[in-house]
Each structure stands twice: as C-alpha cells, then as structure tokens.
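Listing of final-v3.pdb, PDB, C-alpha atoms, pLDDT in the B column
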```pdb
ATOM      1  CA  MET A   5       0.000   0.000   0.000  1.00 78.00           C
ATOM      2  CA  LEU A   6       3.030   2.324   0.241  1.00 85.00           C
ATOM      3  CA  PRO A   7       5.608   3.250  -2.412  1.00 91.00           C
ATOM      4  CA  GLU A   8       8.793   1.163  -2.378  1.00 93.00           C
ATOM      5  CA  SER A   9      11.046   4.130  -1.517  1.00 92.00           C
ATOM      6  CA  LEU A  10       8.933   4.961   1.544  1.00 92.00           C
ATOM      7  CA  ARG A  11       8.886   1.312   2.619  1.00 94.00           C
ATOM      8  CA  ARG A  12      12.690   1.293   2.506  1.00 94.00           C
ATOM      9  CA  VAL A  13      12.798   4.347   4.812  1.00 94.00           C
ATOM     10  CA  ILE A  14      10.354   2.663   7.207  1.00 95.00           C
ATOM     11  CA  GLN A  15      12.456  -0.502   7.170  1.00 95.00           C
ATOM     12  CA  LEU A  16      15.614   1.468   8.013  1.00 95.00           C
ATOM     13  CA  LEU A  17      13.922   3.469  10.782  1.00 95.00           C
ATOM     14  CA  SER A  18      12.482   0.295  12.338  1.00 96.00           C
ATOM     15  CA  ARG A  19      16.054  -0.980  12.836  1.00 96.00           C
ATOM     16  CA  LEU A  20      16.625   1.733  15.432  1.00 94.00           C
ATOM     17  CA  PRO A  21      16.390   0.476  19.045  1.00 92.00           C
ATOM     18  CA  GLY A  22      12.920   0.905  20.520  1.00 93.00           C
ATOM     19  CA  VAL A  23      11.330   1.766  17.172  1.00 95.00           C
ATOM     20  CA  GLY A  24       8.757  -0.701  15.854  1.00 95.00           C
ATOM     21  CA  GLU A  25       7.257  -0.784  12.377  1.00 94.00           C
ATOM     22  CA  LYS A  26       4.237   1.358  13.310  1.00 95.00           C
ATOM     23  CA  THR A  27       6.401   4.048  14.914  1.00 97.00           C
ATOM     24  CA  ALA A  28       8.796   3.929  11.951  1.00 96.00           C
ATOM     25  CA  ALA A  29       5.873   4.421   9.558  1.00 96.00           C
ATOM     26  CA  ARG A  30       4.651   7.404  11.615  1.00 96.00           C
ATOM     27  CA  PHE A  31       8.140   8.945  11.544  1.00 96.00           C
ATOM     28  CA  ALA A  32       8.494   8.391   7.796  1.00 95.00           C
ATOM     29  CA  LEU A  33       5.097   9.913   7.001  1.00 95.00           C
ATOM     30  CA  GLN A  34       5.867  12.918   9.213  1.00 95.00           C
ATOM     31  CA  LEU A  35       9.178  13.426   7.401  1.00 94.00           C
ATOM     32  CA  MET A  36       7.331  13.258   4.079  1.00 92.00           C
ATOM     33  CA  SER A  37       4.909  15.972   5.151  1.00 93.00           C
ATOM     34  CA  ASP A  38       7.607  18.275   6.576  1.00 95.00           C
ATOM     35  CA  HIS A  39      10.174  18.930   3.835  1.00 93.00           C
ATOM     36  CA  GLN A  40      12.226  21.329   5.956  1.00 95.00           C
ATOM     37  CA  LEU A  41      12.577  18.718   8.704  1.00 95.00           C
ATOM     38  CA  SER A  42      13.430  15.893   6.314  1.00 94.00           C
ATOM     39  CA  ALA A  43      15.988  18.013   4.423  1.00 95.00           C
ATOM     40  CA  GLY A  44      17.644  19.202   7.649  1.00 96.00           C
ATOM     41  CA  LEU A  45      17.709  15.720   9.147  1.00 94.00           C
ATOM     42  CA  GLY A  46      19.086  14.213   5.946  1.00 93.00           C
ATOM     43  CA  GLU A  47      21.857  16.799   5.749  1.00 94.00           C
ATOM     44  CA  GLU A  48      22.850  16.324   9.395  1.00 94.00           C
ATOM     45  CA  LEU A  49      22.832  12.517   9.162  1.00 93.00           C
ATOM     46  CA  SER A  50      24.884  12.499   5.953  1.00 93.00           C
ATOM     47  CA  THR A  51      27.775  14.368   7.612  1.00 92.00           C
ATOM     48  CA  LEU A  52      27.439  13.041  11.171  1.00 92.00           C
ATOM     49  CA  SER A  53      29.990  10.237  10.916  1.00 90.00           C
ATOM     50  CA  SER A  54      32.619  12.606   9.510  1.00 91.00           C
ATOM     51  CA  ARG A  55      32.040  15.243  12.207  1.00 92.00           C
ATOM     52  CA  LEU A  56      32.054  12.962  15.260  1.00 94.00           C
ATOM     53  CA  ARG A  57      34.733  10.682  16.660  1.00 94.00           C
ATOM     54  CA  PRO A  58      35.278   8.927  19.986  1.00 95.00           C
ATOM     55  CA  CYS A  59      37.065  11.174  22.481  1.00 95.00           C
ATOM     56  CA  GLU A  60      40.750  10.252  22.454  1.00 94.00           C
ATOM     57  CA  ASP A  61      40.866  10.256  26.258  1.00 95.00           C
ATOM     58  CA  CYS A  62      37.611   8.755  27.542  1.00 95.00           C
ATOM     59  CA  GLY A  63      35.772   7.262  24.547  1.00 95.00           C
ATOM     60  CA  HIS A  64      32.718   9.564  24.714  1.00 96.00           C
ATOM     61  CA  LEU A  65      31.569  11.252  21.481  1.00 95.00           C
ATOM     62  CA  ALA A  66      33.326  14.448  20.444  1.00 96.00           C
ATOM     63  CA  GLU A  67      33.296  16.907  17.567  1.00 94.00           C
ATOM     64  CA  VAL A  68      36.339  16.555  15.318  1.00 93.00           C
ATOM     65  CA  PRO A  69      38.428  19.739  15.782  1.00 90.00           C
ATOM     66  CA  ALA A  70      40.205  21.571  12.993  1.00 82.00           C
ATOM     67  CA  ALA A  71      43.481  20.806  14.785  1.00 86.00           C
ATOM     68  CA  GLY A  72      44.656  19.072  17.951  1.00 86.00           C
ATOM     69  CA  LYS A  73      43.220  16.186  19.938  1.00 91.00           C
ATOM     70  CA  THR A  74      39.612  15.088  19.621  1.00 93.00           C
ATOM     71  CA  LEU A  75      38.237  15.674  23.137  1.00 95.00           C
ATOM     72  CA  CYS A  76      34.651  15.630  24.412  1.00 95.00           C
ATOM     73  CA  SER A  77      33.059  18.436  26.422  1.00 94.00           C
ATOM     74  CA  ILE A  78      33.459  16.502  29.691  1.00 95.00           C
ATOM     75  CA  CYS A  79      37.193  15.941  29.209  1.00 94.00           C
ATOM     76  CA  MET A  80      37.636  19.629  28.353  1.00 94.00           C
ATOM     77  CA  ASP A  81      35.738  20.777  31.441  1.00 94.00           C
ATOM     78  CA  PRO A  82      38.333  21.962  34.024  1.00 92.00           C
ATOM     79  CA  LYS A  83      35.725  21.891  36.813  1.00 92.00           C
ATOM     80  CA  ARG A  84      35.411  18.105  36.663  1.00 92.00           C
ATOM     81  CA  ASP A  85      36.863  16.119  39.566  1.00 90.00           C
ATOM     82  CA  GLY A  86      39.569  13.954  38.002  1.00 86.00           C
ATOM     83  CA  LEU A  87      40.142  12.089  41.261  1.00 93.00           C
ATOM     84  CA  LYS A  88      36.920  10.133  40.608  1.00 94.00           C
ATOM     85  CA  VAL A  89      36.392   8.209  37.393  1.00 96.00           C
ATOM     86  CA  CYS A  90      33.194   6.369  36.532  1.00 96.00           C
ATOM     87  CA  ILE A  91      33.693   3.451  34.126  1.00 97.00           C
ATOM     88  CA  VAL A  92      30.690   2.648  31.924  1.00 96.00           C
ATOM     89  CA  ALA A  93      30.055   0.123  29.171  1.00 96.00           C
ATOM     90  CA  LYS A  94      28.518   2.464  26.608  1.00 95.00           C
ATOM     91  CA  ILE A  95      27.764   6.111  25.921  1.00 95.00           C
ATOM     92  CA  GLN A  96      24.065   5.674  26.760  1.00 95.00           C
ATOM     93  CA  ASP A  97      25.090   4.670  30.308  1.00 94.00           C
ATOM     94  CA  LEU A  98      27.256   7.787  30.619  1.00 95.00           C
ATOM     95  CA  LEU A  99      24.340   9.989  29.530  1.00 94.00           C
ATOM     96  CA  ALA A 100      21.966   8.320  31.999  1.00 93.00           C
ATOM     97  CA  ILE A 101      24.355   8.862  34.938  1.00 93.00           C
ATOM     98  CA  GLU A 102      25.103  12.417  33.822  1.00 93.00           C
ATOM     99  CA  ARG A 103      21.368  13.225  33.735  1.00 92.00           C
ATOM    100  CA  SER A 104      21.084  12.118  37.374  1.00 89.00           C
ATOM    101  CA  GLY A 105      23.503  14.887  38.410  1.00 89.00           C
ATOM    102  CA  ALA A 106      25.120  12.536  40.938  1.00 89.00           C
ATOM    103  CA  MET A 107      28.506  12.290  39.201  1.00 92.00           C
ATOM    104  CA  ARG A 108      30.757  15.343  38.927  1.00 92.00           C
ATOM    105  CA  GLY A 109      33.892  13.375  38.197  1.00 94.00           C
ATOM    106  CA  ARG A 110      35.098  12.046  34.869  1.00 96.00           C
ATOM    107  CA  TYR A 111      33.984   9.061  32.787  1.00 96.00           C
ATOM    108  CA  PHE A 112      35.642   6.309  30.827  1.00 97.00           C
ATOM    109  CA  VAL A 113      33.667   4.409  28.161  1.00 97.00           C
ATOM    110  CA  LEU A 114      34.749   0.803  27.605  1.00 97.00           C
ATOM    111  CA  GLY A 115      32.707   0.358  24.429  1.00 94.00           C
ATOM    112  CA  LYS A 116      32.270  -3.355  25.119  1.00 94.00           C
ATOM    113  CA  LEU A 117      32.006  -5.927  27.903  1.00 95.00           C
ATOM    114  CA  LEU A 118      33.714  -9.247  28.431  1.00 93.00           C
ATOM    115  CA  SER A 119      31.634 -11.834  26.597  1.00 92.00           C
ATOM    116  CA  PRO A 120      33.279 -15.202  25.834  1.00 88.00           C
ATOM    117  CA  LEU A 121      30.244 -16.280  23.785  1.00 86.00           C
ATOM    118  CA  ASP A 122      30.759 -13.283  21.480  1.00 88.00           C
ATOM    119  CA  GLY A 123      34.522 -13.765  21.379  1.00 89.00           C
ATOM    120  CA  ILE A 124      35.269 -10.683  23.510  1.00 91.00           C
ATOM    121  CA  GLY A 125      38.102 -11.446  25.923  1.00 93.00           C
ATOM    122  CA  PRO A 126      40.259  -9.230  28.176  1.00 93.00           C
ATOM    123  CA  GLU A 127      42.524  -8.299  25.267  1.00 92.00           C
ATOM    124  CA  GLU A 128      39.540  -6.633  23.550  1.00 93.00           C
ATOM    125  CA  LEU A 129      39.029  -4.155  26.408  1.00 94.00           C
ATOM    126  CA  PRO A 130      40.797  -0.750  26.126  1.00 94.00           C
ATOM    127  CA  LEU A 131      42.928  -1.339  29.241  1.00 93.00           C
ATOM    128  CA  ASP A 132      46.020   0.521  27.939  1.00 93.00           C
ATOM    129  CA  ARG A 133      43.942   3.632  27.280  1.00 94.00           C
ATOM    130  CA  LEU A 134      42.294   3.255  30.694  1.00 95.00           C
ATOM    131  CA  GLU A 135      45.698   3.051  32.395  1.00 93.00           C
ATOM    132  CA  LYS A 136      46.863   6.270  30.703  1.00 93.00           C
ATOM    133  CA  PHE A 137      43.589   8.001  31.573  1.00 94.00           C
ATOM    134  CA  LEU A 138      43.822   7.103  35.277  1.00 93.00           C
ATOM    135  CA  GLN A 139      47.466   8.198  35.455  1.00 91.00           C
ATOM    136  CA  LYS A 140      46.740  11.495  33.708  1.00 91.00           C
ATOM    137  CA  HIS A 141      44.074  12.450  36.262  1.00 90.00           C
ATOM    138  CA  LEU A 142      45.862  11.006  39.335  1.00 90.00           C
ATOM    139  CA  THR A 143      42.690   9.040  40.010  1.00 92.00           C
ATOM    140  CA  GLU A 144      41.953   8.014  43.601  1.00 93.00           C
ATOM    141  CA  GLU A 145      38.622   6.233  43.083  1.00 94.00           C
ATOM    142  CA  VAL A 146      37.168   4.237  40.215  1.00 95.00           C
ATOM    143  CA  ILE A 147      33.403   3.682  40.200  1.00 94.00           C
ATOM    144  CA  LEU A 148      32.440   0.636  38.143  1.00 94.00           C
ATOM    145  CA  ALA A 149      29.050   1.315  36.558  1.00 94.00           C
ATOM    146  CA  THR A 150      28.777  -1.653  34.208  1.00 93.00           C
ATOM    147  CA  PRO A 151      25.293  -3.199  33.887  1.00 90.00           C
ATOM    148  CA  PRO A 152      24.147  -5.806  36.442  1.00 84.00           C
ATOM    149  CA  SER A 153      24.312  -8.622  33.866  1.00 86.00           C
ATOM    150  CA  VAL A 154      26.609 -11.646  33.654  1.00 89.00           C
ATOM    151  CA  ASP A 155      28.910  -9.822  31.211  1.00 93.00           C
ATOM    152  CA  GLY A 156      28.749  -6.590  33.205  1.00 92.00           C
ATOM    153  CA  GLU A 157      29.620  -8.337  36.472  1.00 90.00           C
ATOM    154  CA  ALA A 158      32.485 -10.268  34.862  1.00 93.00           C
ATOM    155  CA  THR A 159      33.896  -7.054  33.387  1.00 95.00           C
ATOM    156  CA  ALA A 160      33.618  -5.209  36.710  1.00 93.00           C
ATOM    157  CA  LEU A 161      35.394  -8.013  38.597  1.00 93.00           C
ATOM    158  CA  PHE A 162      38.143  -8.201  35.980  1.00 94.00           C
ATOM    159  CA  ILE A 163      38.814  -4.444  36.054  1.00 95.00           C
ATOM    160  CA  ALA A 164      38.692  -4.402  39.871  1.00 94.00           C
ATOM    161  CA  ARG A 165      41.384  -7.117  39.968  1.00 92.00           C
ATOM    162  CA  GLU A 166      43.494  -5.212  37.446  1.00 90.00           C
ATOM    163  CA  LEU A 167      43.343  -2.040  39.553  1.00 91.00           C
ATOM    164  CA  GLU A 168      43.727  -3.507  43.064  1.00 85.00           C
ATOM    165  CA  SER A 169      47.541  -3.388  42.923  1.00 81.00           C
ATOM    166  CA  ARG A 170      47.613   0.281  41.855  1.00 84.00           C
ATOM    167  CA  GLY A 171      46.415   1.776  45.125  1.00 83.00           C
ATOM    168  CA  ILE A 172      43.173   3.004  43.572  1.00 89.00           C
ATOM    169  CA  ARG A 173      39.965   2.608  45.564  1.00 92.00           C
ATOM    170  CA  VAL A 174      37.464   0.646  43.466  1.00 93.00           C
ATOM    171  CA  SER A 175      33.723   0.766  44.133  1.00 92.00           C
ATOM    172  CA  ARG A 176      30.697  -0.711  42.361  1.00 90.00           C
ATOM    173  CA  ILE A 177      27.398   1.077  41.850  1.00 88.00           C
ATOM    174  CA  ALA A 178      24.637  -0.272  44.069  1.00 82.00           C
ATOM    175  CA  SER A 179      21.706  -2.059  42.507  1.00 78.00           C
ATOM    176  CA  GLY A 180      18.331  -2.451  44.094  1.00 76.00           C
ATOM    177  CA  VAL A 181      14.619  -1.850  43.842  1.00 74.00           C
ATOM    178  CA  PRO A 182      13.728   1.052  41.523  1.00 77.00           C
ATOM    179  CA  HIS A 183      12.021   4.076  43.050  1.00 75.00           C
ATOM    180  CA  GLY A 184       8.277   3.488  43.071  1.00 77.00           C
ATOM    181  CA  GLY A 185       8.712  -0.234  42.372  1.00 73.00           C
ATOM    182  CA  ASP A 186       7.047  -3.087  44.250  1.00 78.00           C
ATOM    183  CA  LEU A 187       9.193  -5.644  46.051  1.00 76.00           C
ATOM    184  CA  GLU A 188       7.043  -8.533  44.847  1.00 78.00           C
ATOM    185  CA  PHE A 189       8.047  -7.836  41.227  1.00 78.00           C
ATOM    186  CA  ALA A 190      11.810  -7.538  41.878  1.00 77.00           C
ATOM    187  CA  ASP A 191      13.993 -10.519  40.952  1.00 77.00           C
ATOM    188  CA  GLN A 192      15.995 -12.435  43.574  1.00 79.00           C
ATOM    189  CA  ILE A 193      19.385 -11.003  42.560  1.00 76.00           C
ATOM    190  CA  THR A 194      18.103  -7.412  42.723  1.00 77.00           C
ATOM    191  CA  LEU A 195      16.525  -7.974  46.135  1.00 80.00           C
ATOM    192  CA  GLY A 196      19.667  -9.672  47.418  1.00 80.00           C
ATOM    193  CA  ARG A 197      21.801  -6.738  46.285  1.00 76.00           C
ATOM    194  CA  ALA A 198      19.380  -4.281  47.860  1.00 78.00           C
ATOM    195  CA  ILE A 199      19.705  -6.055  51.233  1.00 80.00           C
ATOM    196  CA  GLU A 200      23.514  -6.346  50.965  1.00 78.00           C
ATOM    197  CA  GLY A 201      23.880  -2.697  49.962  1.00 76.00           C
ATOM    198  CA  ARG A 202      21.687  -1.345  52.763  1.00 75.00           C
ATOM    199  CA  ARG A 203      22.854   1.740  54.665  1.00 74.00           C
ATOM    200  CA  LEU A 204      22.033   3.385  57.962  1.00 75.00           C
ATOM    201  CA  LEU A 205      19.392   6.122  58.064  1.00 70.00           C
TER
END
```
When written as structure tokens, how does the structure in this file appear?
Amino acid sequence: MLPESLRRVIQLLSRLPGVGEKTAARFALQLMSDHQLSAGLGEELSTLSSRLRPCEDCGHLAEVPAAGKTLCSICMDPKRDGLKVCIVAKIQDLLAIERSGAMRGRYFVLGKLLSPLDGIGPEELPLDRLEKFLQKHLTEEVILATPPSVDGEATALFIARELESRGIRVSRIASGVPHGGDLEFADQITLGRAIEGRRLL
C-alpha cells in the first residue's frame, strides 16, 4: 500500500532500538509531510559520521576539531573532579548517569564488555587507554558502573582485579529496587543486592 522508496525508509527506521514498524511508519510519514525537517535531518545525518569521533581520552563522542586532539566536552571541562572516574560500558550509560547529576567526576567508556560467547576477551578491552587516563588524572577512586548482567559483572570483577595493585579505591554502583517499584516484582538477585547494599538512616 506504500511506495517502495517509503517502505525502505520505514524498514531502516524500524532498525533503530525501541522503534517498531508502526512508529517507523509514523516517523516516515511525518518526514514526508515536513520537507524542511526531512531536508535538515538528511543533511545532518549524511555528515554526522565525519564530524564525530570517539574522544581520544575517555571514549565519549566528540566533535572533530580543525586541529589538535579530539576531546569531548566533559574531558575539556576543568571543573570536573579527576580524582573520581566512573567506568561505563557504553555512551548511553554515561548519559543516563550524567542526567542524574550525581557524578561530577570524569567518565571512561569501555565500548564493550567481556563476553566469551561473542569472542570478547580481556585483550579486547581498552585497558592501555584506561591506564593512561587514570594516570593522567591522578585518580583516587574508580566507580564501576557496568550493567548488572553476567557480562557486566564479569567485566567489573576483571577491572577491579586489574586495579587492586595500583592503590586506587574501586567501588561498584549499588543495585536495588527502583524508586516506586514493588518488592514482589523484583527478581531475587536485585533484592539480594538491595539487602547487601543497605545503609544506615
């Protein structure tokens, strides 16, 4: 019922995370009806990969400068506390923590997690870059904020072992019952962590 070219756009949009076919069709039809939006979006997307690169220090996204190192806005911010570094698996995790306002230190993006089934071993992790980053900022504490999954836990334990001989305090983000959630719907691991990570009031 739709032209082939529009169906191709819908198919591409539906490959985005969290976007189903109905939402993709709504997006595509909106873009068709708003030529200014579709032209602007198309122009931005066509040059995006050439304008952005991973930050050379932390792995976050950064604009490519005309000259010098490619650094993100967080790494260029002199007000950031370099003594604390939060290690995350991906950029989305960094953005989520940053939105909370609870972290005023620096970040380091791994880009991947240990996953033997996917062929990702310790040698695939950017440990050399991490070492340089921690030395540069004279880091005193590393906060491991990898996801509470099998791969996330394995990665956190591995990095903690790698850092224990360097005199850096290593902590792990707490996991527990989400705000407004019911205990009866929480899984056993989450509840166990919530009890273990309890604190005095």
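Among the candidate residues A:Glu60, A:Glu144, A:Asp191, A:Glu48, the one lying nearest to Thr74 (chain A) is A:Glu60, with distances computed using only C-alpha atoms.
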(request) Considering only C-alpha atoms, return as a ChimeraX atom specification whatever protein or nucleic-acid residues lie within 8 Å of region 170-177 of chain A, sequence-local ones (same chain, fewer than 2 positions apart) excluded. (result) /A:143-149,160,164,167-168,179
(message) Which residue is closest to Leu16 (chain A)? Choose from A:Ala28, A:Leu41, A:Leu56, A:Ile78 and count all atoms listed in the file.
(response) A:Ala28
(request) Check the smallest atom-to-atom distance from each of A:Ile199, A:Cys76, A:Leu131, A:Ala71 to Leu187 (chain A) using only C-alpha atoms, then report the winner. (result) A:Ile199
(request) Go ahead and find all residues with at least one atom no further than 10 Å from (21.5, 1.8, 47.9) in the file's coordinates, using all atoms listed in the file; report them as a list in words. (result)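 Output of the proximity query reads Ile177, Ala178, Ser179, Gly180, Val181, Arg197, Ala198, Ile199, Glu200, Gly201, Arg202 and Arg203 of chain A.
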(message) I'd like the contact shell of Leu6 (chain A) - 12 Å cut-off, only C-alpha atoms, skipping same-chain residues fewer than 6 positions apart - returned as a ChimeraX atom specification.
(response) /A:12-14,29,32-33
Residue list as a short mmCIF file (atom, residue, chain, number, x, y, z; two decimals) with C-alpha atoms, in the coordinates of the input for point (26.6, 6.3, 28.5), cut-off 12 Å, all atoms listed in the file:
```cif
data_model
loop_
_atom_site.label_atom_id
_atom_site.label_comp_id
_atom_site.auth_asym_id
_atom_site.auth_seq_id
_atom_site.Cartn_x
_atom_site.Cartn_y
_atom_site.Cartn_z
CA CYS A 62 37.61 8.76 27.54
CA GLY A 63 35.77 7.26 24.55
CA HIS A 64 32.72 9.56 24.71
CA LEU A 65 31.57 11.25 21.48
CA CYS A 90 33.19 6.37 36.53
CA ILE A 91 33.69 3.45 34.13
CA VAL A 92 30.69 2.65 31.92
CA ALA A 93 30.06 0.12 29.17
CA LYS A 94 28.52 2.46 26.61
CA ILE A 95 27.76 6.11 25.92
CA GLN A 96 24.06 5.67 26.76
CA ASP A 97 25.09 4.67 30.31
CA LEU A 98 27.26 7.79 30.62
CA LEU A 99 24.34 9.99 29.53
CA ALA A 100 21.97 8.32 32.00
CA ILE A 101 24.36 8.86 34.94
CA GLU A 102 25.10 12.42 33.82
CA ARG A 103 21.37 13.22 33.74
CA SER A 104 21.08 12.12 37.37
CA TYR A 111 33.98 9.06 32.79
CA PHE A 112 35.64 6.31 30.83
CA VAL A 113 33.67 4.41 28.16
CA LEU A 114 34.75 0.80 27.60
CA GLY A 115 32.71 0.36 24.43
CA LYS A 116 32.27 -3.36 25.12
CA ALA A 149 29.05 1.32 36.56
CA THR A 150 28.78 -1.65 34.21
CA PRO A 151 25.29 -3.20 33.89
#
```
(message) Using Å and a single decimal, report how far CA of Leu134 (chain A) sits from CA of Met80 (chain A).
(response) 17.2 Å
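The interatomic distance for the pair CA of Leu117 (chain A) and CA of Lys88 (chain A) works out to 21.1 Å.
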(message) Calculated over only C-alpha atoms, which of the candidates A:Ser42, A:Pro69, A:Thr159, A:Val89 has the smallest distance to Glu128 (chain A)?
(response)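 Smallest separation from Glu128 (chain A) among the options: A:Thr159.
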(request) Go ahead and compute the interatomic distance for CA of Asp132 (chain A) and CA of Asp81 (chain A), in Å to one decimal. (result) 23.0 Å
Complete the atom set of region 61-72 of chain A to N, CA and C atoms and return it as an mmCIF file, in the frame of the given file.
```cif
data_model
loop_
_atom_site.group_PDB
_atom_site.id
_atom_site.type_symbol
_atom_site.label_atom_id
_atom_site.label_comp_id
_atom_site.auth_asym_id
_atom_site.auth_seq_id
_atom_site.Cartn_x
_atom_site.Cartn_y
_atom_site.Cartn_z
ATOM 1 N N ASP A 61 40.560 10.571 24.863
ATOM 2 C CA ASP A 61 40.866 10.256 26.258
ATOM 3 C C ASP A 61 39.882 9.252 26.853
ATOM 4 N N CYS A 62 38.582 9.560 26.789
ATOM 5 C CA CYS A 62 37.611 8.755 27.542
ATOM 6 C C CYS A 62 36.712 7.862 26.701
ATOM 7 N N GLY A 63 36.613 8.092 25.391
ATOM 8 C CA GLY A 63 35.772 7.262 24.547
ATOM 9 C C GLY A 63 34.376 7.795 24.306
ATOM 10 N N HIS A 64 34.010 8.922 24.962
ATOM 11 C CA HIS A 64 32.718 9.564 24.714
ATOM 12 C C HIS A 64 32.744 10.194 23.318
ATOM 13 N N LEU A 65 31.605 10.620 22.797
ATOM 14 C CA LEU A 65 31.569 11.252 21.481
ATOM 15 C C LEU A 65 32.065 12.694 21.549
ATOM 16 N N ALA A 66 32.776 13.089 20.491
ATOM 17 C CA ALA A 66 33.326 14.448 20.444
ATOM 18 C C ALA A 66 33.317 14.955 19.015
ATOM 19 N N GLU A 67 33.177 16.272 18.882
ATOM 20 C CA GLU A 67 33.296 16.907 17.567
ATOM 21 C C GLU A 67 34.759 16.857 17.125
ATOM 22 N N VAL A 68 34.972 16.575 15.848
ATOM 23 C CA VAL A 68 36.339 16.555 15.318
ATOM 24 C C VAL A 68 36.835 17.989 15.183
ATOM 25 N N PRO A 69 37.934 18.351 15.865
ATOM 26 C CA PRO A 69 38.428 19.739 15.782
ATOM 27 C C PRO A 69 39.210 19.977 14.490
ATOM 28 N N ALA A 70 39.405 21.230 14.174
ATOM 29 C CA ALA A 70 40.205 21.571 12.993
ATOM 30 C C ALA A 70 41.650 21.151 13.199
ATOM 31 N N ALA A 71 42.112 21.219 14.455
ATOM 32 C CA ALA A 71 43.481 20.806 14.785
ATOM 33 C C ALA A 71 43.525 20.355 16.238
ATOM 34 N N GLY A 72 44.489 19.530 16.570
ATOM 35 C CA GLY A 72 44.656 19.072 17.951
ATOM 36 C C GLY A 72 43.896 17.788 18.236
#
```
